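Chemist: Structure incoming, see below.
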Amino acid sequence: MNSNQLAALAPIIALASAAIAVMLAIAVKRNFVLTSSITAFGIIMSLLAVGIVWQESPVQATSLIRVDSYALFYISLLLLAGLAVLGFCYDYFKDNEGENEELLLLLLTALLGASVLVASSHFAAFFLGLETLSISLFVMIGYPLKQTRPLEAAIKYLILSGVSSALLLMGMALIYAQSGELSFSGIGRFIAIQPAMNALVLTGVILIVAALGFKLSLVPFHLWTPDVYQGAPAPVTAFIATVSKGAVFVVLLRYFVSAHGFAYAPLVTIFSVVAVLSILGGNLLALLQNNVKRLLAYSSIAHIGYLLVAFIAGGSIPAPLVIESVTFYLVAYFITTIGAFGVVSILSTPQTEAVDISIYRGLFWRQPWLAAIFTLMLLSLAGIPLTAGFIGKFYIFTSGADARLWGLLLAIIAGSGLGLYYYLRIIVVMSMNAEATMRESVEFSNKWISMTTLAALSLLLVWFGIFPNHLATIIQSLSNSITG
């Protein structure tokens, strides 16, 4: 490995170094403020390293990892999401000094796994990154460890994630047995020279897609999602909904573009069925919920279904358009989802989560600023104009129209109509009379980090909704590197 290759790995090395520093700090003296500061410093240093490395990309750092603008953009997005979640975690857990310092270590290792995942160009790095991310999430979901519901959620995620990993490894083994390749580009070359569809490779890819379907909580692999979202602490739920799902979707897109996965027509049909089921199933099940976290869980299933429409369009339209659509939508989804769960986090404590919709009754009268931000996030999730969510959904719809996916577009229209109903339902509840409601005198002055984070997310949401060209220009530069 030469100096350029080593330098290209600087963002990943910075995260690993920060994790080691946090581990040593915990061993010397438990201090939540200190470990939080080290964690934030490590994430910021990794972000600075991304800026430096970007000038030298693309670089094939190892045979397993390709550091290009595609990977670096998503590493930046994951790190910023991790920094936002860290802010919510600090205010959420700071009262339990001496008990939750390991959560910050796990946050760093999860970000490390996600960063390796989005930069992988080989099945070995793919699997190592995914497992590093997943193993960290097992314990993060279980905090605080003294309560039953988080432990139940962690066990459910552990068992289903184990099944997912088994399917993933079997799929990789079948592809390797037939092609003799584990790198994405090598598999792409093998598929390109095949005169007809290879059944063994197709079976392997289907197993991989099924495994990642668990991670993305696509229907029919979604059953763990509402229970885990409800059981996990609110900041951790935000992390699962964004960083975990986003990293998996990014590597799936890289694999299909690099390995010419869209050449197999049966896969496009399978994805189309899964997308329709996820869009309609997620939205219909969300209508039945009075638990805000479960409602947002089913909503996230629908949103990954929307995202899958742009992914499916990759079989008919140029890869740069697919990458642009997926990336903008993911950025909007990250901002809105972290913001929505951030509001839940501020209203919650480790002992009592603000999950029942009745808790939000009259929030406009008790905490108008917080209610306004929650409204903004919900409207963005619904795809209302002047928000980043509207631009993201417009990208998805345009990709589907270019690819003539009329059935999927009808599903998006129907799903968006259903989604608008249950998002507006929360807004209406927040505007109702505040009599006989809980938490009327909750003090937020000691949660200034979370409130500042929410303010920043709100500004980004409106900025990208009104001036999307700034972000779109950056995204358009990513497509050239992914096919290299």
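Ordered as shown in the structure tokens, chains take letters A, B, and onward, while each chain numbers its residues from 1 and ligands are numbered from 1 in the order shown.
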Determine which residues of stretch 105-246 of chain A receive a DSSP assignment of helix (DSSP H, G or I), computed from the backbone, and state them as a VMD selection string.
Modeler: chain A and resid 105 to 119 123 to 141 148 to 179 184 to 192 199 to 216 225 to 231 234 to 246
Chemist: Leaving out stretch 229-238 of chain A and any residue of its chain fewer than 2 positions from it, which residues lie within 9 Å of it when counting only C-alpha atoms, given as an MDAnalysis selection string?
Modeler: chainID A and resid 85:89 92 107 137 140:144 148:154 224:227 240:243 291:294 296:297 334 337:342 344:346 348:350 353:355
Chemist: So which one's closest to A:Val67, A:Met451, A:Leu478, A:Val228, A:Lys94? Using only C-alpha atoms, please.
Modeler: A:Leu478
Chemist: With only C-alpha atoms as the atoms that count, which of A:Tyr255, A:Tyr157, A:Tyr298, A:Phe32 lies nearest to A:Gly419?
Modeler: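 Going through A:Tyr255, A:Tyr157, A:Tyr298, A:Phe32 one by one, the smallest distance to A:Gly419 is for A:Tyr298.
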Chemist: Pick out the residues sitting within 12 Å of A:Lys215, and hand them over as a PDB file with all heavy atoms, in the first residue's frame; count only C-alpha atoms, and ignore anything fewer than 6 positions along from it in its own chain.
Modeler:
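Written out: result31.pdb:
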ATOM      1  N   LEU A 130     -20.987  -4.475   6.966  1.00  0.00           N
ATOM      2  CA  LEU A 130     -22.370  -4.726   7.395  1.00  0.00           C
ATOM      3  C   LEU A 130     -22.416  -5.337   8.785  1.00  0.00           C
ATOM      4  O   LEU A 130     -23.238  -4.947   9.624  1.00  0.00           O
ATOM      5  CB  LEU A 130     -23.059  -5.635   6.382  1.00  0.00           C
ATOM      6  CG  LEU A 130     -24.558  -5.879   6.598  1.00  0.00           C
ATOM      7  CD1 LEU A 130     -25.333  -4.575   6.498  1.00  0.00           C
ATOM      8  CD2 LEU A 130     -25.086  -6.885   5.576  1.00  0.00           C
ATOM      9  N   GLU A 131     -21.524  -6.282   9.053  1.00  0.00           N
ATOM     10  CA  GLU A 131     -21.531  -6.933  10.363  1.00  0.00           C
ATOM     11  C   GLU A 131     -21.029  -5.999  11.463  1.00  0.00           C
ATOM     12  O   GLU A 131     -21.535  -6.037  12.594  1.00  0.00           O
ATOM     13  CB  GLU A 131     -20.680  -8.210  10.318  1.00  0.00           C
ATOM     14  CG  GLU A 131     -21.320  -9.328   9.503  1.00  0.00           C
ATOM     15  CD  GLU A 131     -22.737  -9.647   9.965  1.00  0.00           C
ATOM     16  OE1 GLU A 131     -22.902 -10.116  11.107  1.00  0.00           O
ATOM     17  OE2 GLU A 131     -23.683  -9.393   9.194  1.00  0.00           O
ATOM     18  N   LEU A 133     -21.458  -2.813  11.528  1.00  0.00           N
ATOM     19  CA  LEU A 133     -22.619  -1.954  11.767  1.00  0.00           C
ATOM     20  C   LEU A 133     -23.677  -2.686  12.575  1.00  0.00           C
ATOM     21  O   LEU A 133     -24.189  -2.169  13.584  1.00  0.00           O
ATOM     22  CB  LEU A 133     -23.183  -1.494  10.431  1.00  0.00           C
ATOM     23  CG  LEU A 133     -24.517  -0.738  10.438  1.00  0.00           C
ATOM     24  CD1 LEU A 133     -24.418   0.555  11.228  1.00  0.00           C
ATOM     25  CD2 LEU A 133     -24.979  -0.456   9.015  1.00  0.00           C
ATOM     26  N   SER A 134     -24.007  -3.901  12.166  1.00  0.00           N
ATOM     27  CA  SER A 134     -25.102  -4.646  12.809  1.00  0.00           C
ATOM     28  C   SER A 134     -24.780  -5.009  14.254  1.00  0.00           C
ATOM     29  O   SER A 134     -25.633  -4.866  15.142  1.00  0.00           O
ATOM     30  CB  SER A 134     -25.402  -5.913  12.003  1.00  0.00           C
ATOM     31  OG  SER A 134     -25.818  -5.601  10.700  1.00  0.00           O
ATOM     32  N   LEU A 137     -25.235  -2.150  16.483  1.00  0.00           N
ATOM     33  CA  LEU A 137     -26.645  -1.809  16.673  1.00  0.00           C
ATOM     34  C   LEU A 137     -27.319  -2.720  17.692  1.00  0.00           C
ATOM     35  O   LEU A 137     -28.241  -2.286  18.394  1.00  0.00           O
ATOM     36  CB  LEU A 137     -27.389  -1.874  15.341  1.00  0.00           C
ATOM     37  CG  LEU A 137     -27.093  -0.754  14.339  1.00  0.00           C
ATOM     38  CD1 LEU A 137     -27.862  -0.988  13.045  1.00  0.00           C
ATOM     39  CD2 LEU A 137     -27.464   0.602  14.923  1.00  0.00           C
ATOM     40  N   TYR A 157     -33.923  -7.992  16.889  1.00  0.00           N
ATOM     41  CA  TYR A 157     -33.030  -7.549  15.822  1.00  0.00           C
ATOM     42  C   TYR A 157     -31.854  -8.508  15.661  1.00  0.00           C
ATOM     43  O   TYR A 157     -31.413  -8.784  14.539  1.00  0.00           O
ATOM     44  CB  TYR A 157     -32.530  -6.134  16.130  1.00  0.00           C
ATOM     45  CG  TYR A 157     -31.765  -5.512  14.988  1.00  0.00           C
ATOM     46  CD1 TYR A 157     -32.439  -4.968  13.898  1.00  0.00           C
ATOM     47  CD2 TYR A 157     -30.375  -5.467  14.979  1.00  0.00           C
ATOM     48  CE1 TYR A 157     -31.754  -4.400  12.846  1.00  0.00           C
ATOM     49  CE2 TYR A 157     -29.679  -4.895  13.928  1.00  0.00           C
ATOM     50  CZ  TYR A 157     -30.372  -4.371  12.864  1.00  0.00           C
ATOM     51  OH  TYR A 157     -29.685  -3.825  11.821  1.00  0.00           O
ATOM     52  N   LEU A 158     -31.343  -9.020  16.773  1.00  0.00           N
ATOM     53  CA  LEU A 158     -30.216  -9.957  16.728  1.00  0.00           C
ATOM     54  C   LEU A 158     -30.579 -11.221  15.963  1.00  0.00           C
ATOM     55  O   LEU A 158     -29.829 -11.677  15.087  1.00  0.00           O
ATOM     56  CB  LEU A 158     -29.799 -10.315  18.169  1.00  0.00           C
ATOM     57  CG  LEU A 158     -28.771 -11.435  18.329  1.00  0.00           C
ATOM     58  CD1 LEU A 158     -27.451 -11.039  17.702  1.00  0.00           C
ATOM     59  CD2 LEU A 158     -28.584 -11.780  19.802  1.00  0.00           C
ATOM     60  N   LEU A 160     -33.126 -11.837  13.788  1.00  0.00           N
ATOM     61  CA  LEU A 160     -33.425 -11.626  12.373  1.00  0.00           C
ATOM     62  C   LEU A 160     -32.198 -11.181  11.595  1.00  0.00           C
ATOM     63  O   LEU A 160     -32.037 -11.517  10.417  1.00  0.00           O
ATOM     64  CB  LEU A 160     -34.545 -10.604  12.228  1.00  0.00           C
ATOM     65  CG  LEU A 160     -35.917 -11.100  12.693  1.00  0.00           C
ATOM     66  CD1 LEU A 160     -36.947  -9.998  12.622  1.00  0.00           C
ATOM     67  CD2 LEU A 160     -36.375 -12.281  11.848  1.00  0.00           C
ATOM     68  N   SER A 161     -31.315 -10.436  12.242  1.00  0.00           N
ATOM     69  CA  SER A 161     -30.083 -10.033  11.578  1.00  0.00           C
ATOM     70  C   SER A 161     -29.192 -11.243  11.324  1.00  0.00           C
ATOM     71  O   SER A 161     -28.503 -11.308  10.303  1.00  0.00           O
ATOM     72  CB  SER A 161     -29.336  -9.001  12.424  1.00  0.00           C
ATOM     73  OG  SER A 161     -28.207  -8.521  11.742  1.00  0.00           O
ATOM     74  N   GLY A 162     -29.217 -12.219  12.243  1.00  0.00           N
ATOM     75  CA  GLY A 162     -28.462 -13.454  12.025  1.00  0.00           C
ATOM     76  C   GLY A 162     -28.969 -14.218  10.814  1.00  0.00           C
ATOM     77  O   GLY A 162     -28.178 -14.731  10.000  1.00  0.00           O
ATOM     78  N   VAL A 163     -30.284 -14.301  10.676  1.00  0.00           N
ATOM     79  CA  VAL A 163     -30.879 -14.948   9.492  1.00  0.00           C
ATOM     80  C   VAL A 163     -30.471 -14.197   8.230  1.00  0.00           C
ATOM     81  O   VAL A 163     -30.107 -14.807   7.210  1.00  0.00           O
ATOM     82  CB  VAL A 163     -32.419 -14.986   9.623  1.00  0.00           C
ATOM     83  CG1 VAL A 163     -33.054 -15.512   8.344  1.00  0.00           C
ATOM     84  CG2 VAL A 163     -32.829 -15.841  10.808  1.00  0.00           C
ATOM     85  N   SER A 164     -30.509 -12.870   8.297  1.00  0.00           N
ATOM     86  CA  SER A 164     -30.128 -12.042   7.154  1.00  0.00           C
ATOM     87  C   SER A 164     -28.678 -12.300   6.748  1.00  0.00           C
ATOM     88  O   SER A 164     -28.371 -12.435   5.556  1.00  0.00           O
ATOM     89  CB  SER A 164     -30.330 -10.568   7.511  1.00  0.00           C
ATOM     90  OG  SER A 164     -29.765  -9.724   6.545  1.00  0.00           O
ATOM     91  N   SER A 165     -27.787 -12.385   7.722  1.00  0.00           N
ATOM     92  CA  SER A 165     -26.376 -12.622   7.419  1.00  0.00           C
ATOM     93  C   SER A 165     -26.161 -13.981   6.781  1.00  0.00           C
ATOM     94  O   SER A 165     -25.325 -14.133   5.880  1.00  0.00           O
ATOM     95  CB  SER A 165     -25.540 -12.507   8.697  1.00  0.00           C
ATOM     96  OG  SER A 165     -25.616 -11.201   9.236  1.00  0.00           O
ATOM     97  N   LEU A 167     -28.325 -15.614   4.873  1.00  0.00           N
ATOM     98  CA  LEU A 167     -28.766 -15.501   3.481  1.00  0.00           C
ATOM     99  C   LEU A 167     -27.743 -14.757   2.639  1.00  0.00           C
ATOM    100  O   LEU A 167     -27.466 -15.121   1.486  1.00  0.00           O
ATOM    101  CB  LEU A 167     -30.113 -14.781   3.424  1.00  0.00           C
ATOM    102  CG  LEU A 167     -31.318 -15.508   4.014  1.00  0.00           C
ATOM    103  CD1 LEU A 167     -32.541 -14.590   3.999  1.00  0.00           C
ATOM    104  CD2 LEU A 167     -31.613 -16.788   3.255  1.00  0.00           C
ATOM    105  N   LEU A 168     -27.162 -13.713   3.216  1.00  0.00           N
ATOM    106  CA  LEU A 168     -26.173 -12.914   2.500  1.00  0.00           C
ATOM    107  C   LEU A 168     -24.947 -13.751   2.141  1.00  0.00           C
ATOM    108  O   LEU A 168     -24.473 -13.730   0.994  1.00  0.00           O
ATOM    109  CB  LEU A 168     -25.766 -11.716   3.355  1.00  0.00           C
ATOM    110  CG  LEU A 168     -24.773 -10.734   2.750  1.00  0.00           C
ATOM    111  CD1 LEU A 168     -25.378 -10.027   1.551  1.00  0.00           C
ATOM    112  CD2 LEU A 168     -24.328  -9.710   3.797  1.00  0.00           C
ATOM    113  N   ILE A 208     -29.021 -12.347  -1.785  1.00  0.00           N
ATOM    114  CA  ILE A 208     -28.438 -11.107  -1.270  1.00  0.00           C
ATOM    115  C   ILE A 208     -29.513 -10.037  -1.120  1.00  0.00           C
ATOM    116  O   ILE A 208     -29.574  -9.318  -0.116  1.00  0.00           O
ATOM    117  CB  ILE A 208     -27.308 -10.624  -2.206  1.00  0.00           C
ATOM    118  CG1 ILE A 208     -26.108 -11.571  -2.109  1.00  0.00           C
ATOM    119  CG2 ILE A 208     -26.872  -9.205  -1.847  1.00  0.00           C
ATOM    120  CD1 ILE A 208     -25.008 -11.277  -3.106  1.00  0.00           C
ATOM    121  N   VAL A 209     -30.376  -9.938  -2.123  1.00  0.00           N
ATOM    122  CA  VAL A 209     -31.460  -8.953  -2.067  1.00  0.00           C
ATOM    123  C   VAL A 209     -32.400  -9.253  -0.896  1.00  0.00           C
ATOM    124  O   VAL A 209     -32.850  -8.340  -0.184  1.00  0.00           O
ATOM    125  CB  VAL A 209     -32.229  -8.933  -3.401  1.00  0.00           C
ATOM    126  CG1 VAL A 209     -33.512  -8.119  -3.279  1.00  0.00           C
ATOM    127  CG2 VAL A 209     -31.347  -8.363  -4.512  1.00  0.00           C
ATOM    128  N   PHE A 221     -40.162  -8.403   4.536  1.00  0.00           N
ATOM    129  CA  PHE A 221     -39.101  -8.616   5.537  1.00  0.00           C
ATOM    130  C   PHE A 221     -39.150  -7.542   6.627  1.00  0.00           C
ATOM    131  O   PHE A 221     -38.145  -7.271   7.274  1.00  0.00           O
ATOM    132  CB  PHE A 221     -37.731  -8.572   4.847  1.00  0.00           C
ATOM    133  CG  PHE A 221     -37.635  -9.409   3.611  1.00  0.00           C
ATOM    134  CD1 PHE A 221     -37.607  -8.833   2.361  1.00  0.00           C
ATOM    135  CD2 PHE A 221     -37.580 -10.797   3.692  1.00  0.00           C
ATOM    136  CE1 PHE A 221     -37.522  -9.597   1.211  1.00  0.00           C
ATOM    137  CE2 PHE A 221     -37.495 -11.572   2.551  1.00  0.00           C
ATOM    138  CZ  PHE A 221     -37.468 -10.984   1.305  1.00  0.00           C
ATOM    139  N   HIS A 222     -40.321  -6.960   6.841  1.00  0.00           N
ATOM    140  CA  HIS A 222     -40.447  -5.757   7.658  1.00  0.00           C
ATOM    141  C   HIS A 222     -40.914  -5.993   9.084  1.00  0.00           C
ATOM    142  O   HIS A 222     -40.980  -5.039   9.873  1.00  0.00           O
ATOM    143  CB  HIS A 222     -41.472  -4.835   7.004  1.00  0.00           C
ATOM    144  CG  HIS A 222     -42.870  -5.395   7.052  1.00  0.00           C
ATOM    145  ND1 HIS A 222     -43.258  -6.492   6.330  1.00  0.00           N
ATOM    146  CD2 HIS A 222     -43.966  -5.022   7.781  1.00  0.00           C
ATOM    147  CE1 HIS A 222     -44.523  -6.768   6.594  1.00  0.00           C
ATOM    148  NE2 HIS A 222     -44.969  -5.897   7.468  1.00  0.00           N
ATOM    149  N   LEU A 223     -41.240  -7.226   9.457  1.00  0.00           N
ATOM    150  CA  LEU A 223     -41.992  -7.451  10.691  1.00  0.00           C
ATOM    151  C   LEU A 223     -41.250  -7.010  11.955  1.00  0.00           C
ATOM    152  O   LEU A 223     -41.877  -6.703  12.970  1.00  0.00           O
ATOM    153  CB  LEU A 223     -42.372  -8.934  10.795  1.00  0.00           C
ATOM    154  CG  LEU A 223     -43.318  -9.443   9.695  1.00  0.00           C
ATOM    155  CD1 LEU A 223     -43.582 -10.932   9.862  1.00  0.00           C
ATOM    156  CD2 LEU A 223     -44.624  -8.663   9.706  1.00  0.00           C
ATOM    157  N   TRP A 224     -39.920  -6.971  11.890  1.00  0.00           N
ATOM    158  CA  TRP A 224     -39.149  -6.555  13.064  1.00  0.00           C
ATOM    159  C   TRP A 224     -39.206  -5.039  13.290  1.00  0.00           C
ATOM    160  O   TRP A 224     -38.991  -4.558  14.407  1.00  0.00           O
ATOM    161  CB  TRP A 224     -37.685  -6.967  12.899  1.00  0.00           C
ATOM    162  CG  TRP A 224     -36.998  -6.335  11.717  1.00  0.00           C
ATOM    163  CD1 TRP A 224     -36.948  -6.829  10.445  1.00  0.00           C
ATOM    164  CD2 TRP A 224     -36.284  -5.092  11.695  1.00  0.00           C
ATOM    165  NE1 TRP A 224     -36.249  -5.981   9.630  1.00  0.00           N
ATOM    166  CE2 TRP A 224     -35.820  -4.906  10.363  1.00  0.00           C
ATOM    167  CE3 TRP A 224     -35.982  -4.121  12.649  1.00  0.00           C
ATOM    168  CZ2 TRP A 224     -35.078  -3.797   9.982  1.00  0.00           C
ATOM    169  CZ3 TRP A 224     -35.250  -3.005  12.275  1.00  0.00           C
ATOM    170  CH2 TRP A 224     -34.794  -2.858  10.951  1.00  0.00           C
ATOM    171  N   THR A 225     -39.500  -4.291  12.257  1.00  0.00           N
ATOM    172  CA  THR A 225     -39.283  -2.845  12.278  1.00  0.00           C
ATOM    173  C   THR A 225     -40.080  -2.102  13.350  1.00  0.00           C
ATOM    174  O   THR A 225     -39.492  -1.362  14.158  1.00  0.00           O
ATOM    175  CB  THR A 225     -39.582  -2.242  10.884  1.00  0.00           C
ATOM    176  OG1 THR A 225     -38.920  -3.016   9.898  1.00  0.00           O
ATOM    177  CG2 THR A 225     -39.134  -0.807  10.812  1.00  0.00           C
ATOM    178  N   ILE A 240     -30.902   4.055  13.396  1.00  0.00           N
ATOM    179  CA  ILE A 240     -31.274   2.860  12.622  1.00  0.00           C
ATOM    180  C   ILE A 240     -32.010   3.262  11.345  1.00  0.00           C
ATOM    181  O   ILE A 240     -31.737   2.742  10.263  1.00  0.00           O
ATOM    182  CB  ILE A 240     -32.164   1.927  13.460  1.00  0.00           C
ATOM    183  CG1 ILE A 240     -31.427   1.437  14.696  1.00  0.00           C
ATOM    184  CG2 ILE A 240     -32.635   0.731  12.637  1.00  0.00           C
ATOM    185  CD1 ILE A 240     -32.317   0.733  15.698  1.00  0.00           C
ATOM    186  N   ALA A 241     -32.943   4.197  11.479  1.00  0.00           N
ATOM    187  CA  ALA A 241     -33.785   4.577  10.349  1.00  0.00           C
ATOM    188  C   ALA A 241     -33.010   5.283   9.247  1.00  0.00           C
ATOM    189  O   ALA A 241     -33.438   5.274   8.085  1.00  0.00           O
ATOM    190  CB  ALA A 241     -34.924   5.471  10.835  1.00  0.00           C
ATOM    191  N   THR A 242     -31.885   5.896   9.584  1.00  0.00           N
ATOM    192  CA  THR A 242     -31.142   6.673   8.598  1.00  0.00           C
ATOM    193  C   THR A 242     -29.797   6.047   8.255  1.00  0.00           C
ATOM    194  O   THR A 242     -29.607   5.554   7.139  1.00  0.00           O
ATOM    195  CB  THR A 242     -30.934   8.111   9.109  1.00  0.00           C
ATOM    196  OG1 THR A 242     -30.314   8.073  10.409  1.00  0.00           O
ATOM    197  CG2 THR A 242     -32.252   8.840   9.215  1.00  0.00           C
ATOM    198  N   VAL A 243     -28.867   6.031   9.181  1.00  0.00           N
ATOM    199  CA  VAL A 243     -27.509   5.567   8.897  1.00  0.00           C
ATOM    200  C   VAL A 243     -27.494   4.104   8.475  1.00  0.00           C
ATOM    201  O   VAL A 243     -26.891   3.741   7.457  1.00  0.00           O
ATOM    202  CB  VAL A 243     -26.598   5.777  10.126  1.00  0.00           C
ATOM    203  CG1 VAL A 243     -25.232   5.129   9.900  1.00  0.00           C
ATOM    204  CG2 VAL A 243     -26.442   7.259  10.421  1.00  0.00           C
ATOM    205  N   SER A 244     -28.187   3.256   9.222  1.00  0.00           N
ATOM    206  CA  SER A 244     -28.187   1.823   8.911  1.00  0.00           C
ATOM    207  C   SER A 244     -28.831   1.552   7.555  1.00  0.00           C
ATOM    208  O   SER A 244     -28.243   0.910   6.676  1.00  0.00           O
ATOM    209  CB  SER A 244     -28.928   1.065  10.017  1.00  0.00           C
ATOM    210  OG  SER A 244     -29.023  -0.301   9.697  1.00  0.00           O
ATOM    211  N   LYS A 245     -30.039   2.055   7.351  1.00  0.00           N
ATOM    212  CA  LYS A 245     -30.737   1.813   6.083  1.00  0.00           C
ATOM    213  C   LYS A 245     -30.055   2.510   4.915  1.00  0.00           C
ATOM    214  O   LYS A 245     -29.945   1.951   3.817  1.00  0.00           O
ATOM    215  CB  LYS A 245     -32.188   2.273   6.193  1.00  0.00           C
ATOM    216  CG  LYS A 245     -33.043   1.405   7.101  1.00  0.00           C
ATOM    217  CD  LYS A 245     -34.494   1.822   7.010  1.00  0.00           C
ATOM    218  CE  LYS A 245     -35.380   0.898   7.836  1.00  0.00           C
ATOM    219  NZ  LYS A 245     -36.802   1.233   7.685  1.00  0.00           N
ATOM    220  N   GLY A 246     -29.591   3.739   5.142  1.00  0.00           N
ATOM    221  CA  GLY A 246     -28.947   4.479   4.071  1.00  0.00           C
ATOM    222  C   GLY A 246     -27.685   3.799   3.573  1.00  0.00           C
ATOM    223  O   GLY A 246     -27.459   3.690   2.363  1.00  0.00           O
ATOM    224  N   ALA A 247     -26.844   3.321   4.493  1.00  0.00           N
ATOM    225  CA  ALA A 247     -25.599   2.661   4.098  1.00  0.00           C
ATOM    226  C   ALA A 247     -25.878   1.393   3.298  1.00  0.00           C
ATOM    227  O   ALA A 247     -25.200   1.112   2.297  1.00  0.00           O
ATOM    228  CB  ALA A 247     -24.766   2.331   5.339  1.00  0.00           C
ATOM    229  N   VAL A 248     -26.872   0.638   3.717  1.00  0.00           N
ATOM    230  CA  VAL A 248     -27.219  -0.602   3.002  1.00  0.00           C
ATOM    231  C   VAL A 248     -27.727  -0.286   1.600  1.00  0.00           C
ATOM    232  O   VAL A 248     -27.349  -0.944   0.618  1.00  0.00           O
ATOM    233  CB  VAL A 248     -28.267  -1.408   3.800  1.00  0.00           C
ATOM    234  CG1 VAL A 248     -28.811  -2.568   2.969  1.00  0.00           C
ATOM    235  CG2 VAL A 248     -27.651  -1.936   5.085  1.00  0.00           C
ATOM    236  N   PHE A 249     -28.570   0.723   1.479  1.00  0.00           N
ATOM    237  CA  PHE A 249     -29.110   1.057   0.158  1.00  0.00           C
ATOM    238  C   PHE A 249     -28.009   1.564  -0.768  1.00  0.00           C
ATOM    239  O   PHE A 249     -27.996   1.262  -1.970  1.00  0.00           O
ATOM    240  CB  PHE A 249     -30.210   2.113   0.281  1.00  0.00           C
ATOM    241  CG  PHE A 249     -31.150   2.137  -0.887  1.00  0.00           C
ATOM    242  CD1 PHE A 249     -32.343   1.443  -0.843  1.00  0.00           C
ATOM    243  CD2 PHE A 249     -30.830   2.816  -2.048  1.00  0.00           C
ATOM    244  CE1 PHE A 249     -33.209   1.436  -1.932  1.00  0.00           C
ATOM    245  CE2 PHE A 249     -31.680   2.819  -3.140  1.00  0.00           C
ATOM    246  CZ  PHE A 249     -32.877   2.124  -3.085  1.00  0.00           C
ATOM    247  N   LEU A 252     -25.993  -1.344  -2.052  1.00  0.00           N
ATOM    248  CA  LEU A 252     -26.818  -2.106  -2.998  1.00  0.00           C
ATOM    249  C   LEU A 252     -26.816  -1.435  -4.368  1.00  0.00           C
ATOM    250  O   LEU A 252     -26.681  -2.116  -5.403  1.00  0.00           O
ATOM    251  CB  LEU A 252     -28.247  -2.222  -2.463  1.00  0.00           C
ATOM    252  CG  LEU A 252     -29.240  -3.020  -3.319  1.00  0.00           C
ATOM    253  CD1 LEU A 252     -28.834  -4.486  -3.387  1.00  0.00           C
ATOM    254  CD2 LEU A 252     -30.653  -2.895  -2.753  1.00  0.00           C
ATOM    255  N   ILE A 301     -40.841   2.350   6.133  1.00  0.00           N
ATOM    256  CA  ILE A 301     -40.981   1.242   5.183  1.00  0.00           C
ATOM    257  C   ILE A 301     -41.479   1.770   3.842  1.00  0.00           C
ATOM    258  O   ILE A 301     -40.968   1.409   2.776  1.00  0.00           O
ATOM    259  CB  ILE A 301     -41.948   0.178   5.742  1.00  0.00           C
ATOM    260  CG1 ILE A 301     -41.359  -0.484   6.997  1.00  0.00           C
ATOM    261  CG2 ILE A 301     -42.276  -0.879   4.682  1.00  0.00           C
ATOM    262  CD1 ILE A 301     -42.333  -1.383   7.731  1.00  0.00           C
ATOM    263  N   ILE A 304     -38.678   3.787   1.971  1.00  0.00           N
ATOM    264  CA  ILE A 304     -37.701   2.937   1.280  1.00  0.00           C
ATOM    265  C   ILE A 304     -38.336   2.348   0.024  1.00  0.00           C
ATOM    266  O   ILE A 304     -37.670   2.139  -0.993  1.00  0.00           O
ATOM    267  CB  ILE A 304     -37.185   1.828   2.212  1.00  0.00           C
ATOM    268  CG1 ILE A 304     -36.489   2.441   3.436  1.00  0.00           C
ATOM    269  CG2 ILE A 304     -36.205   0.929   1.474  1.00  0.00           C
ATOM    270  CD1 ILE A 304     -35.283   3.287   3.114  1.00  0.00           C
TER     271      ILE A 304
END
Chemist: Of the candidates A:Gly42, A:Gly186, A:Gly305, A:Gly261, which one gets nearest to A:Ala411 if we count only C-alpha atoms?
Modeler: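 The answer is A:Gly305, which sits nearest to A:Ala411.
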Chemist: Just give me the gap between atom CA of A:Leu295 and atom CA of A:Leu378 in Å, one decimal is fine.
Modeler: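 For atom CA of A:Leu295 relative to atom CA of A:Leu378, the distance reads 11.5 Å.
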Chemist: When you look at stretch 458-472 of chain A with a cut-off of 12 Å (counting only C-alpha atoms), what residues show up, excluding the ones that are within fewer than 5 positions of it in the same chain? I need them as a PyMOL selection string.
Modeler: chain A and resi 73+320-321+323-340+342-343+369-370+372-381+383-395+451-453+477-479
Chemist: Show me, as number ranges by chain, the residues that have an atom within 12 Å of A:Leu108 when counting only C-alpha atoms, minus same-chain residues fewer than 5 positions from it.
Modeler: A: 12-23, 35-36, 38-44, 46, 78-79, 81-83, 85-86, 101-103, 113-115, 132-133, 136-137, 140, 239, 243
Chemist: Using only C-alpha atoms, which protein or nucleic acid residues come within 12 Å of A:Leu280? Drop anything in the same chain fewer than 3 positions from it, and give the result as an MDAnalysis selection string.
Modeler: chainID A and resid 218:220 273:277 283:287 298:306 408:419
Chemist: One number please: atom CA of A:Leu106 to atom CA of A:Trp448, in Å, one decimal.
Modeler: 23.7 Å
Chemist: A:Gln178: which residues within 12 Å, counting only C-alpha atoms, same-chain residues fewer than 4 positions away excluded, as a list in words?
Modeler: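 Residues meeting the cut-off are Gly171, Met172, Ala173, Leu174, Leu182, Ile187, Phe190, Ile191, Gln194, Asn198, Ala199, Leu200, Val201, Leu202, Thr203, Gly204 and Val205 of chain A.
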Chemist: Can you tell me how far atom CA of A:Ser399 sits from atom CA of A:Ile475, in Å to one decimal?
Modeler: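 About the pair atom CA of A:Ser399 and atom CA of A:Ile475: they are 15.3 Å apart.
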Chemist: Check the smallest atom-to-atom distance from each of A:Gln5, A:Ser316, A:Ser69, A:Gln289 to A:Asp402 using only C-alpha atoms, then report the winner.
Modeler: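 Of all the options, A:Ser316 lies closest to A:Asp402.
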